[in-house]
Amino acid sequence: MLETSLDIQLKTLPTDPGVYQYYDKDDKLLYIGKAKNLKKRVASYFTKSHDNYKTKVLVKKIHSIKHIVVETETDALLLENNLIKKHQPRFNVMLKDDKTYPWICIKKERFPRIFPTRNLIKDGSEYYGPYTNFKTVNTLLDLIKGLYQLRTCNYDLSQEKINNGKYKLCLEYHLGNCKGPCEGLQDENEYNENLNAIRQIVKGNFKDSLNRFRKQMAEHAEKMEFEEAQIIKEKVEVLEKYQAKSTVVNPNISNVDVFSIISDESYGYVNFFQLSYGAIIRSHTTEIKKKLDESDKELLELAIIELRQRFGSESKEIYVPFKVDIGTSLKITVPQLGDKKKIVDLSLRNAKYFRQERFKQIKIIDPDRHVKRLMAQMKKDLRLPEEPTHIECFDNSNIQGTNPVAACVVFKNGKPAKKEYRKFNIKTVEGPNDFASMEEVVYRRYKRLLEEEQPLPQLVIVDGGKGQLSSGLKALDDLNLRGKITIIGIAKRLEEIYYPGDSIPLYLDKKSESLKVIQHLRNEAHRFGITFHRQKRSKAALETELDDIPGVGEKTVIELLKHFRSVKRISTASKEELSQVIGNARATKVFNYYLSKKE
């Protein structure tokens with residue numbers, strides 16, 4: 001594994017929500033925290049002067065940082081709680097007690113009760129949540145009680161006891177909050193149908209319920225009952241922000257291990273989540289160097305065995321993104337949807353982030369390794385015969401055929417070589433003809449390189465689709481360079497990459513480094529070409545309008561433009577206005593020039 005300093009780790013942290021973990025030089029866990037933006041939050045520890053003595057001591061002890069990326073800030077809050085309860089870090093004092101976030105329980109009993117709880121008891125009851133505050137829980141329960149009449153007593157409502165008349169109706173029945181199942185006044189099937197509707201509400205599917213609340217709010221407002229309307233409005237606002245389920249905590253998922261992998265030419269990156277009672281209690285990502293051309297399946301099988309041994313996992317089931325062969329003692333699950341799929345996706349997301357961070361760290365520490373990996377990846381992605389250490393990209397710039405120019409930008413080892421950029425005035429083409437212009441500049445560029453015996457690029461990119469590509473290819477044919485240089489075209493709309501003689505374009509992954517390098521080349525060529533085109537247009541405009549006036553020199557032109565800001569304003573200015581800027585004699589020449597043009 002590549003050792004990285006804290007500075008480099010800080011530079012490469014993601015900006016997503018997540019949980020960070022600080023370790024000392026002996027790899028002992030010091031502190032666990034949550035963040036809406038991991039990079040900002042962690043960096044704040046090292047850029048601020050801390051008044052708190054405990055924080056000062058903590059920062060001095062930090063040797064390495066690990067993190068887990070999650071979907072939302074709420075998920076980060078819940079995951080932080082799980083990990084602190086499990087690992088009890090020395091510098092965490094707030095969440096070490098036995099308290100946990102609240103859940104909504106549907107009790108396993110006849111005519112089930114629904115109530116909030118902090119304790120999960122494995123007796124077959126259903127638990128929904130957890131929730132980050134009791135306000136959301138109470139709002140949900142108020143909503144449920146307002147819609148459905150449920151019992152709140154803790155009696156054992158067995159059919160036998162009801163038949164024997166053991167219970168009597170209580171005040172809740174007389175208030176209309178309960179239909180009296182204790183005396184057999186409510187059918188069990190009806191009660192269970194209500195429960196099914198309630199399950200949808202606590203799962204977050206409460207569109208109908210929200211509509212009902214809004215209707216009640218409108219009715220109160222019509223009756224001028226504004227206090228009651230405001231109470232309901234506050235409930236609606238809370239419910240609209242309510243997040244029913246968390247990816248990081250789900251009591252329906254028993255103790256399992258989750259593994260995922262992403263790889264490139266040289267390395268595989270495997271993420272491991274350990275879940276206990278439905279909560280993530282460990283996350284670890286590792287980098288595996290490929291010895292030969294191992295598949296993702298082979299690498300993942302090796303990693304599963306090694307990581308389970310290293311962390312002493314005894315889980316009987318694992319979730320993976322695809323089938324693996326690791327014996328018959330484990331249950332292998334490849335989730336297709338639902339919370340199980342979400343947890344595998346979250347694992348994969350963490351593997352991807354780890355890979356991105358390694359790339360960034362390597363780029364800082366070992367740029368040669370970064371270049372070799374990038375070149376190997378581009379060779380594979382673009383189906384090239386050799387690594388494209390020298391790439392050139394062409395772009396045409398003209399507006400309605402005026403001042404046609406072209407630009408050629410050069411990248412060496414995936415980075416701009418700006419001293420080697422070249423710009424071209426189109427010489428042989430009349431009017432707006434992108435295809436002919438492309439043919440001209442490609443021909444001129446490589447004819448010159450051949451004459452000067454300069455090295456040729458491995459890859460040429462033309463900005464445009466099949467037409468521009470054909471023009472560039474014709475120029476290479478005329479120079480007998482076909483087969484010696486690979487040429488491709490990139491179309492702007494869908495980032496399609498075209499090859500000579502192939503009508504079907506190549507589509508690269510939108511997040512791939514190869515596509516990002518090509519886009520960088522294309523954008524640089526466009527920027528460089530547009531800048532040259534604007535300069536030429538401006539120069540042409542000034543020359544035709546002002547420099548042709550007899551007796552008016554460059555300094556006079558500059559003074560006029562500084563004051564009037566445009567040639568058009570100069571042309572419409574009075575002689576007096578011009579005299580105030582450049583004197584009467586020169587003002588008369590400029591004024592008379594534009595007067596004669598008007599006549």
# chains A, B, ... in the order shown; residues from 1 in each chain; ligands from 1
$ select_by_dssp --residues "range 181-383 of chain A" --states "strand (DSSP E or B)" --output "MDAnalysis selection string"
chainID A and resid 246 249 256:263 267:276 279:289 317:319 331:333
$ write_last_selection --atoms "C-alpha atoms" --output "short mmCIF file (atom, residue, chain, number, x, y, z; two decimals), in the first residue's frame"
data_model
loop_
_atom_site.label_atom_id
_atom_site.label_comp_id
_atom_site.auth_asym_id
_atom_site.auth_seq_id
_atom_site.Cartn_x
_atom_site.Cartn_y
_atom_site.Cartn_z
CA SER A 246 -32.00 4.89 5.78
CA VAL A 249 -29.73 1.03 9.05
CA VAL A 256 -24.28 -10.05 6.65
CA ASP A 257 -21.05 -9.03 4.89
CA VAL A 258 -21.22 -6.85 1.78
CA PHE A 259 -18.49 -6.82 -0.88
CA SER A 260 -18.07 -4.89 -4.13
CA ILE A 261 -15.23 -4.25 -6.60
CA ILE A 262 -14.15 -1.78 -9.26
CA SER A 263 -10.92 -2.18 -11.24
CA TYR A 267 -5.45 -2.72 -9.71
CA GLY A 268 -8.71 -3.89 -8.19
CA TYR A 269 -10.40 -1.89 -5.39
CA VAL A 270 -12.59 -3.93 -3.02
CA ASN A 271 -14.95 -2.44 -0.43
CA PHE A 272 -16.15 -4.46 2.56
CA PHE A 273 -19.15 -3.54 4.77
CA GLN A 274 -19.87 -5.53 7.90
CA LEU A 275 -23.51 -5.33 9.04
CA SER A 276 -24.69 -6.32 12.50
CA ALA A 279 -26.46 -1.55 10.83
CA ILE A 280 -23.04 -0.90 9.25
CA ILE A 281 -20.42 -1.44 11.95
CA ARG A 282 -17.31 -1.59 9.75
CA SER A 283 -16.17 -0.33 6.35
CA HIS A 284 -12.83 -1.17 4.80
CA THR A 285 -11.54 -0.65 1.25
CA THR A 286 -8.37 -2.25 -0.06
CA GLU A 287 -6.27 -2.06 -3.21
CA ILE A 288 -5.18 -5.32 -4.92
CA LYS A 289 -2.42 -5.31 -7.54
CA GLU A 317 -24.46 -14.62 4.26
CA ILE A 318 -22.75 -12.18 1.91
CA TYR A 319 -24.15 -9.66 -0.57
CA LYS A 331 -25.11 -18.06 1.37
CA ILE A 332 -24.33 -15.84 -1.65
CA THR A 333 -26.95 -13.17 -2.46
#
$ residues_around --residues "Ile162 in chain A" --least-positions-apart "5" --cutoff "9 Å" --atoms "only C-alpha atoms" --output "ChimeraX atom specification"
/A:157,167,181-184
$ closest_residue --among "A:Arg310, A:Lys34, A:Gly551, A:Val70" --to "Ser347 in chain A" --atoms "only C-alpha atoms"
A:Val70
$ residues_around --residues "range 508-521 of chain A" --least-positions-apart "3" --cutoff "8 Å" --atoms "only C-alpha atoms" --output "MDAnalysis selection string"
chainID A and resid 374 377:378 381:382 392:393 409:411 414 416 524:525
$ write_last_selection --atoms "C-alpha atoms" --output "JSON list (two decimals), in the first residue's frame"
[["chain", "number", "residue", "atom", "x", "y", "z"],
["A", 374, "LEU", "CA", -3.60, 6.79, -17.71],
["A", 377, "GLN", "CA", -6.19, 3.03, -19.86],
["A", 378, "MET", "CA", -6.52, 5.26, -22.93],
["A", 381, "ASP", "CA", -10.49, 2.36, -24.05],
["A", 382, "LEU", "CA", -9.76, 3.86, -27.48],
["A", 392, "GLU", "CA", -3.09, 16.56, -31.11],
["A", 393, "CYS", "CA", -6.59, 18.00, -31.54],
["A", 409, "VAL", "CA", -3.52, 21.88, -29.39],
["A", 410, "VAL", "CA", -0.93, 19.37, -28.22],
["A", 411, "PHE", "CA", -1.06, 17.12, -25.12],
["A", 414, "GLY", "CA", -2.22, 13.56, -20.86],
["A", 416, "PRO", "CA", -1.37, 20.38, -22.26],
["A", 524, "GLU", "CA", -8.69, 23.55, -25.17],
["A", 525, "ALA", "CA", -8.75, 23.49, -29.00]]
$ select_by_dssp --residues "range 330-577 of chain A" --states "helix (DSSP H, G or I)" --output "NGL selection string"
:A and (338-365 or 367-381 or 418-420 or 434-451 or 466-478 or 513-545 or 554-564 or 567-572 or 575-577)
$ residues_around --residues "Lys108 in chain A" --least-positions-apart "5" --cutoff "9 Å" --atoms "only C-alpha atoms" --output "ChimeraX atom specification"
/A:113,123-126
$ residues_around --residues "range 52-57 of chain A" --least-positions-apart "3" --cutoff "12 Å" --atoms "only C-alpha atoms" --output "JSON, numbers by chain"
{"A": [24, 30, 31, 44, 45, 46, 47, 48, 49, 60, 61, 62, 90, 91, 92, 93]}
$ write_last_selection --atoms "C-alpha atoms" --output "PDB file, in the first residue's frame"
ATOM      1  CA  ASP A  24      -3.256   7.264  15.621  1.00  0.00           C
ATOM      2  CA  LEU A  30      -9.398   7.883  18.105  1.00  0.00           C
ATOM      3  CA  TYR A  31     -12.554   9.601  16.940  1.00  0.00           C
ATOM      4  CA  SER A  44     -11.411  22.415   9.523  1.00  0.00           C
ATOM      5  CA  TYR A  45      -9.620  20.357  12.214  1.00  0.00           C
ATOM      6  CA  PHE A  46      -6.246  21.222  10.692  1.00  0.00           C
ATOM      7  CA  THR A  47      -6.824  24.834   9.624  1.00  0.00           C
ATOM      8  CA  LYS A  48      -8.433  26.255  12.781  1.00  0.00           C
ATOM      9  CA  SER A  49      -6.822  27.094  16.107  1.00  0.00           C
ATOM     10  CA  LYS A  60      -1.848  16.104  17.497  1.00  0.00           C
ATOM     11  CA  LYS A  61      -2.503  12.365  17.655  1.00  0.00           C
ATOM     12  CA  ILE A  62      -4.138  11.970  14.211  1.00  0.00           C
ATOM     13  CA  ARG A  90     -11.609   7.371  23.183  1.00  0.00           C
ATOM     14  CA  PHE A  91     -12.403  10.943  22.057  1.00  0.00           C
ATOM     15  CA  ASN A  92     -16.156  10.377  21.489  1.00  0.00           C
ATOM     16  CA  VAL A  93     -18.108  11.070  24.651  1.00  0.00           C
TER      17      VAL A  93
END
$ atom_distance --atom1 "CA of Tyr173 in chain A" --atom2 "CA of Glu227 in chain A"
27.0 Å
$ closest_residue --among "A:Gly146, A:Pro385, A:Gly176, A:Gly165" --to "Ile485 in chain A" --atoms "only C-alpha atoms"
A:Pro385
$ closest_residue --among "A:Ile488, A:Ala197, A:Ala436, A:Lys166" --to "Ile144 in chain A" --atoms "only C-alpha atoms"
A:Ala197
$ residues_around --residues "Ile65 in chain A" --least-positions-apart "5" --cutoff "10 Å" --atoms "only C-alpha atoms" --output "VMD selection string"
chain A and resid 5 to 6 9 to 10 13 20 to 24 27 29 31 42
$ write_last_selection --atoms "N, CA and C atoms" --output "short mmCIF file (atom, residue, chain, number, x, y, z; two decimals), in the first residue's frame"
data_model
loop_
_atom_site.label_atom_id
_atom_site.label_comp_id
_atom_site.auth_asym_id
_atom_site.auth_seq_id
_atom_site.Cartn_x
_atom_site.Cartn_y
_atom_site.Cartn_z
N SER A 5 0.80 11.11 3.27
CA SER A 5 0.79 12.03 4.40
C SER A 5 -0.62 12.55 4.62
N LEU A 6 -0.80 13.15 5.81
CA LEU A 6 -2.12 13.73 6.12
C LEU A 6 -2.49 14.82 5.13
N GLN A 9 -3.90 13.20 2.07
CA GLN A 9 -5.22 12.65 2.36
C GLN A 9 -6.28 13.74 2.40
N LEU A 10 -5.93 14.89 2.99
CA LEU A 10 -6.88 16.00 3.07
C LEU A 10 -7.22 16.55 1.69
N LEU A 13 -9.85 14.10 -0.21
CA LEU A 13 -11.14 13.70 0.37
C LEU A 13 -12.30 14.14 -0.52
N TYR A 20 -16.26 10.26 9.05
CA TYR A 20 -14.79 10.17 9.03
C TYR A 20 -14.31 9.53 10.31
N GLN A 21 -13.16 8.85 10.22
CA GLN A 21 -12.58 8.15 11.36
C GLN A 21 -11.10 8.53 11.45
N TYR A 22 -10.66 8.98 12.64
CA TYR A 22 -9.27 9.34 12.86
C TYR A 22 -8.54 8.20 13.58
N TYR A 23 -7.34 7.88 13.11
CA TYR A 23 -6.52 6.83 13.71
C TYR A 23 -5.17 7.40 14.13
N ASP A 24 -4.59 6.83 15.20
CA ASP A 24 -3.26 7.26 15.62
C ASP A 24 -2.18 6.45 14.91
N ASP A 27 -2.53 2.76 14.59
CA ASP A 27 -3.76 2.36 13.91
C ASP A 27 -4.91 2.12 14.90
N LEU A 29 -8.27 3.52 16.72
CA LEU A 29 -9.34 4.47 16.40
C LEU A 29 -9.47 5.51 17.52
N TYR A 31 -11.35 8.77 16.98
CA TYR A 31 -12.55 9.60 16.94
C TYR A 31 -13.37 9.29 15.69
N VAL A 42 -13.35 17.82 7.68
CA VAL A 42 -12.08 17.26 8.15
C VAL A 42 -10.98 18.32 8.07
#
